[in-house]
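Heads up: the structure comes next, in structure tokens.
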Number of protein chains: 2
Amino acid sequence: MAKEKIIRTLAKDTVRKIGEKVKLQGWADTIRDHGKITFIDLRDRSAIVQCVGSKLPKITKESVVEIIGKVVNRPEKLVNKDLSTGTVEIKIDSLKVLSPAKEIPLPLDGDGLEIEESVRLKYRYLDLRRGRMNKNLRLRSKTTQFIRNWLTARDFVEIETPILTKTTPEGARDFIVPSRLQPGKFYALPQSPQQYKQLLMVAGFERYFQIARCFRDEDPRADRAYGEFTQLDLEMSFVKQEEILFLTEKLFTELVKEIFPHKKITKSPWPRISHKDAMKKYGVDKPDLRKNKKDKDELAFAWIVDFPLFVKQTKDDFFHGAGAKYAPSHHMFTAPHPDDIGLLDKAPMKVRGLQHDMVLNGHEVGGGSIRIHQPKIQNKIFELIGFTEKQKKQFEHMLTAFSYGVPPHGGIAPGIDRLLMVILGEPSLREVMAFPMTAGGSTAVMDAPSNPAKEQLKELGIKISKK
Amino acid sequence: MAKEKIIRTLAKDTVRKIGEKVKLQGWADTIRDHGKITFIDLRDRSAIVQCVGSKLPKITKESVVEIIGKVVNRPEKLVNKDLSTGTVEIKIDSLKVLSPAKEIPLPLDGDGLEIEESVRLKYRYLDLRRGRMNKNLRLRSKTTQFIRNWLTARDFVEIETPILTKTTPEGARDFIVPSRLQPGKFYALPQSPQQYKQLLMVAGFERYFQIARCFRDEDPRADRAYGEFTQLDLEMSFVKQEEILFLTEKLFTELVKEIFPHKKITKSPWPRISHKDAMKKYGVDKPDLRKNKKDKDELAFAWIVDFPLFVKQTKDDFFHGAGAKYAPSHHMFTAPHPDDIGLLDKAPMKVRGLQHDMVLNGHEVGGGSIRIHQPKIQNKIFELIGFTEKQKKQFEHMLTAFSYGVPPHGGIAPGIDRLLMVILGEPSLREVMAFPMTAGGSTAVMDAPSNPAKEQLKELGIKISKK
């Protein structure tokens, strides 16, 4: 008998193919062997569909199979309302195992949060088969796509900036990369594209964004991933702070409506609270303004403004000016409030900065500011931080750039991981990342970091120190 | 007199505001001082518009200015057909310098290709004001956005994979990053997300893509950037090679039509040429099939298929199996042609791989393959490359993953920089990148790589070797 050529049908489409012969390819989600007949729930990217047959080859759960069979309606009383394909089943003509599965080392039903995380990360490629994780990553893709379309429709240009760049004392610890072509020297991975986005304003793009990877060698917390994270990096020229807040608020309000339609935003427009009032009323600068903290679908956004420009500098600040009193409360490019310029000399701790923090359900999900665009004021800030001439020199390119016509500019950088974690009500950032690192800095699945080959170190001109 | 509040108008919109008072903000593109009256061409992100006034404050070229004035029609004979706003001009009421510009250190009119590249890269933020560079980056943003929308409309999910990952002997030299939390160990920056995308197929996503940053410490060529580059990384499950070629061809054909409408594709469907025929007929595996090589708007795409699976291994291969005879001609995950499996033992050099190269105007702009999904065959390939047991162990996670139900899968990875370079007819990749590195591995604008602080090295447990 000549084999008929049947093209693949997705599980979700079977409901529209009653009476037809279909080919399905996917994973054996569950197998119920009733002796004479066997039920296999076949899962593909679109849905799960029940298949039924007899005298099937022995298969194991999670094996990859190809099933050819006929789509039939289920009897009324056997309809499964929990499945999108619950009205049909497939009468199996033939079943082929494309790739057998050994016993799966962790349960894949349920949300998986009770499983030891190291096991979930070691087998992340299995953990991602979990419905919740699959959904989270799909929503993440939809979220970044929505943001990109929304911004490009408003004249923003997405521009990629370098990952191999310069080490600068910007507030956190850098990851550094030894250079082979210039032995003894190192690149740094960017803590954010902060300087590049400001340079793009000097270049005249006026409206820039990037879904950008950022790197910080900081100890992790529940809402801070170790190593790398992703932010929507956004910058605009010729704007007042008000316009940045308005645009950002509109973007995320429309995003929630479109991608998370069952979520309710507590208050629109978002409340704006001065840093002083937030500290007085709530004791924190990222208050949780939900009306009902048990409501998983409530999103309470807020803006915190009028931050002090400086905080006291501590040894943990990586400004290397640790002798000086003042550390930027946001970062050293944030503009002082124009009404407070006079206080820079007399009472720096009283100067407000044009900083804005975006807060959601008690988490800081984004921060930004109007930037300094006058070289003189930038220099003044460097001095208050306590930069030596040598340290200032590290930012000379910024001051030089600002001498060739720089527009007033500002921006914001909401964290994509953190925002999604809060919107989805997940307990950790790692629940919205495909292959996150452990708290100890090991990469999921891969055995990284690992020992380098001797030749690699030799080429780079570096040695590992003896302990 | 109370100041009236006028909101900003973009230069391009002035043509629709005849008789109105407008506020413009932008750069003084050219200044022609005729004594009694002065002409200023103001440039913003949208266009250039001529402004004219008298008794203006002294300004310099490329300063950032704010002009308030009335839009008037130009007399018929003074219409400038080269400008989109050439029918109007602005009668200046007031002009304010927002940020003065010193003398610009490189000419910004013209394509800039005659200028010493180190100067262009040092002042990249000025070089990007150049019409050509500005246009290139805008087209790049449009290109990636088109690709993303096209793929997400077809069920693809964009998933971000780690930048801090494992060093693996994959064919080129890795950049490595010392770990502070695990001193003496190193992360590697990914040469591509190859392993992650295959793991995402094991995870059941079936259709993945990412506009991904890749890192290779390889000496640069005109069509290979030093350090980092960007590729469209794409992978599909349950596909034959034919389906990957068909999808990719459709994507880029529609992309050219939409984003580069004045470009003409020489032949559709794209010619498919076996590696053997290409070498015989053209002497290269990336033939230039343009009918007229002087036509700047001709795009001759082609597919090269049926590559040999192996090439002779050389000392330049970073497979660390340098004693063995065989190096993968594409990479070690490429599936052998099913008809040639029997030859793996007898005559490895005769085995064809299910590899496909995407060629455009004589450049390889993308490569991909159907992957091996049988652990046994993968092991066989590792042996032919000459991996020791220790080297094999570096890929144990892949073989383990493949034992839990892996779908047949394959993909492709077109280079975004190279594709744009060829489509736009640019002489170098750096003409389509915002802040590229020099051939010597120095980052544009920033002084990177640079000397690390002693404390940084101490924390990381590494030392710079004496020469």
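So you can find residues: chains in the structure tokens are A, B, ... in the order shown, residues in each start at 1, and ligands are numbered from 1 in order.
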Q: Mind listing the helix (DSSP H, G or I) residues of range 123-306 of chain B, per DSSP on the backbone, as a ChimeraX atom specification?
A: /B:124-127,131-152,194-202,241-259,275-282
Q.
Which residues are near range 243-255 of chain B? Cut-off 7 Å, only C-alpha atoms, ignore same chain within fewer than 4 positions. Put them as a PyMOL selection string.
A. chain B and resi 146+239+259+411
Counting only C-alpha atoms, give me one row per residue of chain B with an atom at most 6 Å from an atom of chain A, showing the shortest contact pair and its distance in Å to one decimal, sorted by chain then residue number, as a Markdown table.
```
| residue | atom | partner | partner_atom | distance |
| --- | --- | --- | --- | --- |
| B:Glu62 | CA | A:Gly405 | CA | 6.0 |
| B:Ser63 | CA | A:Gly405 | CA | 4.5 |
| B:Val64 | CA | A:Gly405 | CA | 5.1 |
| B:Ser99 | CA | A:Gly405 | CA | 5.0 |
| B:Pro100 | CA | A:Gly405 | CA | 5.3 |
| B:Ala101 | CA | A:Tyr404 | CA | 3.9 |
| B:Lys102 | CA | A:Tyr404 | CA | 5.4 |
| B:Tyr125 | CA | A:Ala203 | CA | 4.6 |
| B:Leu126 | CA | A:Ala203 | CA | 5.6 |
| B:Leu128 | CA | A:Ala203 | CA | 5.5 |
| B:Arg129 | CA | A:Ala203 | CA | 5.2 |
| B:Ser141 | CA | A:Glu158 | CA | 5.2 |
| B:Val157 | CA | A:Ser141 | CA | 5.9 |
| B:Glu158 | CA | A:Ser141 | CA | 5.2 |
| B:Thr165 | CA | A:Ala448 | CA | 5.8 |
| B:Lys166 | CA | A:Ala448 | CA | 4.7 |
| B:Val177 | CA | A:Val177 | CA | 5.0 |
| B:Gly184 | CA | A:Ile464 | CA | 5.7 |
| B:Lys185 | CA | A:Asn451 | CA | 4.8 |
| B:Phe186 | CA | A:Pro449 | CA | 4.7 |
| B:Tyr187 | CA | A:Pro449 | CA | 4.4 |
| B:Leu199 | CA | A:Tyr125 | CA | 5.7 |
| B:Ala203 | CA | A:Tyr125 | CA | 4.6 |
| B:Ser403 | CA | A:Ala101 | CA | 5.6 |
| B:Tyr404 | CA | A:Ala101 | CA | 3.9 |
| B:Gly405 | CA | A:Ser63 | CA | 4.5 |
| B:Val406 | CA | A:Ser99 | CA | 5.8 |
| B:Ala448 | CA | A:Lys166 | CA | 4.7 |
| B:Pro449 | CA | A:Tyr187 | CA | 4.5 |
| B:Ser450 | CA | A:Lys185 | CA | 4.9 |
| B:Asn451 | CA | A:Lys185 | CA | 4.8 |
| B:Gly461 | CA | A:Ser465 | CA | 5.2 |
| B:Ile462 | CA | A:Ile464 | CA | 4.4 |
| B:Lys463 | CA | A:Lys463 | CA | 5.0 |
| B:Ile464 | CA | A:Ile462 | CA | 4.4 |
| B:Ser465 | CA | A:Ile462 | CA | 5.0 |
```
I need the chosen residues saved as an mmCIF file, in the first residue's frame, with N, CA and C atoms.
```cif
data_model
loop_
_atom_site.group_PDB
_atom_site.id
_atom_site.type_symbol
_atom_site.label_atom_id
_atom_site.label_comp_id
_atom_site.auth_asym_id
_atom_site.auth_seq_id
_atom_site.Cartn_x
_atom_site.Cartn_y
_atom_site.Cartn_z
ATOM 1 N N GLU B 62 26.282 73.372 14.319
ATOM 2 C CA GLU B 62 26.010 72.187 15.159
ATOM 3 C C GLU B 62 25.636 72.512 16.606
ATOM 4 N N SER B 63 25.480 73.818 16.914
ATOM 5 C CA SER B 63 24.943 74.159 18.236
ATOM 6 C C SER B 63 23.489 73.719 18.309
ATOM 7 N N VAL B 64 23.020 73.446 19.516
ATOM 8 C CA VAL B 64 21.613 73.111 19.706
ATOM 9 C C VAL B 64 20.863 74.407 20.003
ATOM 10 N N SER B 99 22.657 74.798 23.685
ATOM 11 C CA SER B 99 23.962 74.188 23.954
ATOM 12 C C SER B 99 24.888 74.528 22.801
ATOM 13 N N PRO B 100 25.934 75.328 23.085
ATOM 14 C CA PRO B 100 26.822 75.767 22.007
ATOM 15 C C PRO B 100 27.758 74.638 21.576
ATOM 16 N N ALA B 101 28.166 74.663 20.315
ATOM 17 C CA ALA B 101 29.109 73.666 19.805
ATOM 18 C C ALA B 101 30.445 74.302 19.508
ATOM 19 N N LYS B 102 31.494 73.632 19.987
ATOM 20 C CA LYS B 102 32.848 74.004 19.559
ATOM 21 C C LYS B 102 33.002 73.597 18.095
ATOM 22 N N TYR B 125 29.688 59.875 18.161
ATOM 23 C CA TYR B 125 28.441 60.608 18.430
ATOM 24 C C TYR B 125 28.246 61.762 17.459
ATOM 25 N N LEU B 126 29.331 62.247 16.853
ATOM 26 C CA LEU B 126 29.200 63.268 15.805
ATOM 27 C C LEU B 126 29.039 62.595 14.443
ATOM 28 N N LEU B 128 27.647 59.960 13.770
ATOM 29 C CA LEU B 128 26.278 59.435 13.619
ATOM 30 C C LEU B 128 25.276 60.531 13.246
ATOM 31 N N ARG B 129 25.704 61.818 13.334
ATOM 32 C CA ARG B 129 24.824 62.893 12.863
ATOM 33 C C ARG B 129 24.772 62.914 11.331
ATOM 34 N N SER B 141 17.041 49.386 12.673
ATOM 35 C CA SER B 141 15.946 49.262 13.638
ATOM 36 C C SER B 141 14.673 48.756 12.941
ATOM 37 N N VAL B 157 8.583 32.395 19.303
ATOM 38 C CA VAL B 157 8.718 33.075 20.590
ATOM 39 C C VAL B 157 10.148 33.587 20.690
ATOM 40 N N GLU B 158 10.290 34.865 21.049
ATOM 41 C CA GLU B 158 11.655 35.371 21.244
ATOM 42 C C GLU B 158 12.072 35.095 22.684
ATOM 43 N N THR B 165 28.165 32.557 30.167
ATOM 44 C CA THR B 165 27.882 31.134 30.029
ATOM 45 C C THR B 165 29.175 30.330 29.991
ATOM 46 N N LYS B 166 29.105 29.151 29.411
ATOM 47 C CA LYS B 166 30.207 28.209 29.544
ATOM 48 C C LYS B 166 31.154 28.264 28.347
ATOM 49 N N VAL B 177 35.411 35.540 31.152
ATOM 50 C CA VAL B 177 35.106 36.503 32.213
ATOM 51 C C VAL B 177 35.386 35.863 33.561
ATOM 52 N N GLY B 184 39.121 31.851 40.176
ATOM 53 C CA GLY B 184 39.886 30.884 39.395
ATOM 54 C C GLY B 184 39.065 30.286 38.266
ATOM 55 N N LYS B 185 37.750 30.445 38.363
ATOM 56 C CA LYS B 185 36.892 29.957 37.279
ATOM 57 C C LYS B 185 36.436 31.127 36.393
ATOM 58 N N PHE B 186 36.038 30.786 35.170
ATOM 59 C CA PHE B 186 35.678 31.811 34.190
ATOM 60 C C PHE B 186 34.377 31.469 33.488
ATOM 61 N N TYR B 187 33.581 32.487 33.215
ATOM 62 C CA TYR B 187 32.479 32.355 32.266
ATOM 63 C C TYR B 187 33.050 32.570 30.869
ATOM 64 N N LEU B 199 18.466 23.414 23.325
ATOM 65 C CA LEU B 199 17.814 23.063 24.597
ATOM 66 C C LEU B 199 16.376 23.589 24.635
ATOM 67 N N ALA B 203 12.928 21.759 25.295
ATOM 68 C CA ALA B 203 11.920 22.310 26.209
ATOM 69 C C ALA B 203 10.538 22.405 25.567
ATOM 70 N N SER B 403 18.235 12.764 26.032
ATOM 71 C CA SER B 403 17.697 11.472 26.472
ATOM 72 C C SER B 403 16.314 11.610 27.107
ATOM 73 N N TYR B 404 15.762 12.835 27.106
ATOM 74 C CA TYR B 404 14.446 13.048 27.709
ATOM 75 C C TYR B 404 13.382 13.436 26.682
ATOM 76 N N GLY B 405 13.560 13.009 25.448
ATOM 77 C CA GLY B 405 12.556 13.335 24.441
ATOM 78 C C GLY B 405 12.912 14.608 23.711
ATOM 79 N N VAL B 406 13.666 14.474 22.625
ATOM 80 C CA VAL B 406 14.080 15.648 21.845
ATOM 81 C C VAL B 406 13.442 15.567 20.466
ATOM 82 N N ALA B 448 38.430 51.805 25.863
ATOM 83 C CA ALA B 448 38.354 50.397 26.283
ATOM 84 C C ALA B 448 39.050 49.547 25.241
ATOM 85 N N PRO B 449 39.741 48.475 25.630
ATOM 86 C CA PRO B 449 39.942 48.021 27.005
ATOM 87 C C PRO B 449 40.854 48.971 27.768
ATOM 88 N N SER B 450 40.774 48.908 29.101
ATOM 89 C CA SER B 450 41.595 49.799 29.909
ATOM 90 C C SER B 450 42.183 49.029 31.081
ATOM 91 N N ASN B 451 43.049 49.714 31.833
ATOM 92 C CA ASN B 451 43.694 49.052 32.959
ATOM 93 C C ASN B 451 42.714 48.878 34.111
ATOM 94 N N GLY B 461 40.818 37.240 42.022
ATOM 95 C CA GLY B 461 41.853 36.220 42.186
ATOM 96 C C GLY B 461 42.679 36.005 40.933
ATOM 97 N N ILE B 462 42.920 37.057 40.178
ATOM 98 C CA ILE B 462 43.780 36.922 39.000
ATOM 99 C C ILE B 462 44.897 37.967 39.008
ATOM 100 N N LYS B 463 45.920 37.663 38.257
ATOM 101 C CA LYS B 463 47.084 38.539 38.143
ATOM 102 C C LYS B 463 47.424 38.721 36.678
ATOM 103 N N ILE B 464 48.020 39.853 36.372
ATOM 104 C CA ILE B 464 48.520 40.039 35.013
ATOM 105 C C ILE B 464 49.927 39.451 34.963
ATOM 106 N N SER B 465 50.179 38.593 33.953
ATOM 107 C CA SER B 465 51.500 37.947 33.855
ATOM 108 C C SER B 465 52.545 38.961 33.445
#
```
Q.
Given only C-alpha atoms as the basis, pick out the residue of A:Lys55, A:Lys291, A:Lys346, A:Lys296 nearest to Leu95 in chain A.
A.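 Of A:Lys55, A:Lys291, A:Lys346, A:Lys296, the one nearest Leu95 in chain A, counting only C-alpha atoms, is A:Lys55.
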Q) Skipping near chain neighbours, those fewer than 5 positions away, what residues fall within 9 Å of Arg272 in chain A using only C-alpha atoms, listed as number ranges by chain? A) A: 302-305
Q: Extract, using only C-alpha atoms, all DNA, RNA and protein residues at most 8 Å from Arg224 in chain B, discarding same-chain residues fewer than 4 positions from it, and format them as a VMD selection string.
A: chain B and resid 220 418 429
Residue contacts of Val71 in chain B (12 Å, only C-alpha atoms) excluding same-chain residues fewer than 4 positions away, as an mmCIF file with N, CA and C atoms, in the first residue's frame:
```
data_model
loop_
_atom_site.group_PDB
_atom_site.id
_atom_site.type_symbol
_atom_site.label_atom_id
_atom_site.label_comp_id
_atom_site.auth_asym_id
_atom_site.auth_seq_id
_atom_site.Cartn_x
_atom_site.Cartn_y
_atom_site.Cartn_z
ATOM 1 N N THR B 9 7.221 71.968 17.401
ATOM 2 C CA THR B 9 6.843 71.416 16.097
ATOM 3 C C THR B 9 8.080 70.770 15.490
ATOM 4 N N ALA B 11 10.437 69.749 12.347
ATOM 5 C CA ALA B 11 10.743 70.441 11.087
ATOM 6 C C ALA B 11 9.852 69.959 9.947
ATOM 7 N N LYS B 12 9.668 68.641 9.860
ATOM 8 C CA LYS B 12 8.902 68.108 8.723
ATOM 9 C C LYS B 12 7.443 68.583 8.736
ATOM 10 N N ASP B 13 6.917 68.941 9.924
ATOM 11 C CA ASP B 13 5.516 69.323 10.017
ATOM 12 C C ASP B 13 5.261 70.799 9.702
ATOM 13 N N THR B 14 6.328 71.547 9.501
ATOM 14 C CA THR B 14 6.145 72.981 9.246
ATOM 15 C C THR B 14 5.364 73.231 7.948
ATOM 16 N N VAL B 15 5.519 72.331 6.976
ATOM 17 C CA VAL B 15 4.838 72.545 5.682
ATOM 18 C C VAL B 15 3.318 72.561 5.821
ATOM 19 N N ARG B 16 2.830 71.985 6.931
ATOM 20 C CA ARG B 16 1.380 71.975 7.160
ATOM 21 C C ARG B 16 0.958 73.076 8.130
ATOM 22 N N LYS B 17 1.832 74.038 8.398
ATOM 23 C CA LYS B 17 1.528 75.052 9.423
ATOM 24 C C LYS B 17 1.762 76.471 8.909
ATOM 25 N N ILE B 18 1.501 76.660 7.629
ATOM 26 C CA ILE B 18 1.721 77.982 7.026
ATOM 27 C C ILE B 18 0.961 79.049 7.820
ATOM 28 N N GLY B 19 1.675 80.118 8.138
ATOM 29 C CA GLY B 19 1.044 81.229 8.852
ATOM 30 C C GLY B 19 1.041 81.070 10.355
ATOM 31 N N GLU B 20 1.400 79.887 10.814
ATOM 32 C CA GLU B 20 1.385 79.657 12.264
ATOM 33 C C GLU B 20 2.718 79.999 12.913
ATOM 34 N N LYS B 21 2.655 80.281 14.199
ATOM 35 C CA LYS B 21 3.875 80.475 14.970
ATOM 36 C C LYS B 21 4.292 79.119 15.524
ATOM 37 N N VAL B 22 5.550 78.756 15.332
ATOM 38 C CA VAL B 22 6.008 77.434 15.790
ATOM 39 C C VAL B 22 7.271 77.566 16.630
ATOM 40 N N LYS B 23 7.512 76.502 17.433
ATOM 41 C CA LYS B 23 8.783 76.400 18.155
ATOM 42 C C LYS B 23 9.538 75.203 17.602
ATOM 43 N N LEU B 24 10.765 75.425 17.176
ATOM 44 C CA LEU B 24 11.603 74.346 16.649
ATOM 45 C C LEU B 24 12.796 74.161 17.564
ATOM 46 N N VAL B 49 14.865 72.411 8.053
ATOM 47 C CA VAL B 49 14.030 73.508 7.574
ATOM 48 C C VAL B 49 14.824 74.815 7.656
ATOM 49 N N GLN B 50 14.631 75.653 6.656
ATOM 50 C CA GLN B 50 15.365 76.922 6.612
ATOM 51 C C GLN B 50 14.700 77.963 7.501
ATOM 52 N N CYS B 51 15.510 78.633 8.309
ATOM 53 C CA CYS B 51 15.016 79.707 9.169
ATOM 54 C C CYS B 51 15.782 80.979 8.795
ATOM 55 N N VAL B 52 15.121 82.100 8.878
ATOM 56 C CA VAL B 52 15.787 83.326 8.466
ATOM 57 C C VAL B 52 15.457 84.460 9.438
ATOM 58 N N ILE B 67 14.271 77.818 18.192
ATOM 59 C CA ILE B 67 13.834 78.942 17.370
ATOM 60 C C ILE B 67 12.321 79.053 17.446
ATOM 61 N N THR B 85 11.081 70.175 3.162
ATOM 62 C CA THR B 85 10.406 71.387 3.642
ATOM 63 C C THR B 85 10.732 72.580 2.730
ATOM 64 N N GLY B 86 11.165 72.265 1.514
ATOM 65 C CA GLY B 86 11.713 73.309 0.638
ATOM 66 C C GLY B 86 10.738 74.374 0.178
ATOM 67 N N THR B 87 9.452 74.197 0.447
ATOM 68 C CA THR B 87 8.467 75.196 0.028
ATOM 69 C C THR B 87 8.250 76.274 1.078
ATOM 70 N N VAL B 88 8.806 76.033 2.290
ATOM 71 C CA VAL B 88 8.551 77.004 3.370
ATOM 72 C C VAL B 88 9.850 77.502 3.988
ATOM 73 N N GLU B 89 9.737 78.558 4.777
ATOM 74 C CA GLU B 89 10.833 78.935 5.658
ATOM 75 C C GLU B 89 10.240 79.549 6.928
ATOM 76 N N ILE B 90 11.092 79.677 7.942
ATOM 77 C CA ILE B 90 10.626 80.188 9.228
ATOM 78 C C ILE B 90 11.201 81.589 9.413
ATOM 79 N N LYS B 91 10.322 82.568 9.626
ATOM 80 C CA LYS B 91 10.778 83.925 9.962
ATOM 81 C C LYS B 91 11.041 83.962 11.467
ATOM 82 N N ILE B 92 12.292 84.090 11.810
ATOM 83 C CA ILE B 92 12.677 83.952 13.217
ATOM 84 C C ILE B 92 12.219 85.131 14.071
ATOM 85 N N ASP B 93 11.436 84.825 15.142
ATOM 86 C CA ASP B 93 11.118 85.824 16.162
ATOM 87 C C ASP B 93 12.191 85.849 17.234
#
```
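Counting only C-alpha atoms and comparing B:Leu151, B:Leu384, B:Met236, B:Ile68, the residue that lies closest to Lys325 in chain B is B:Leu384.
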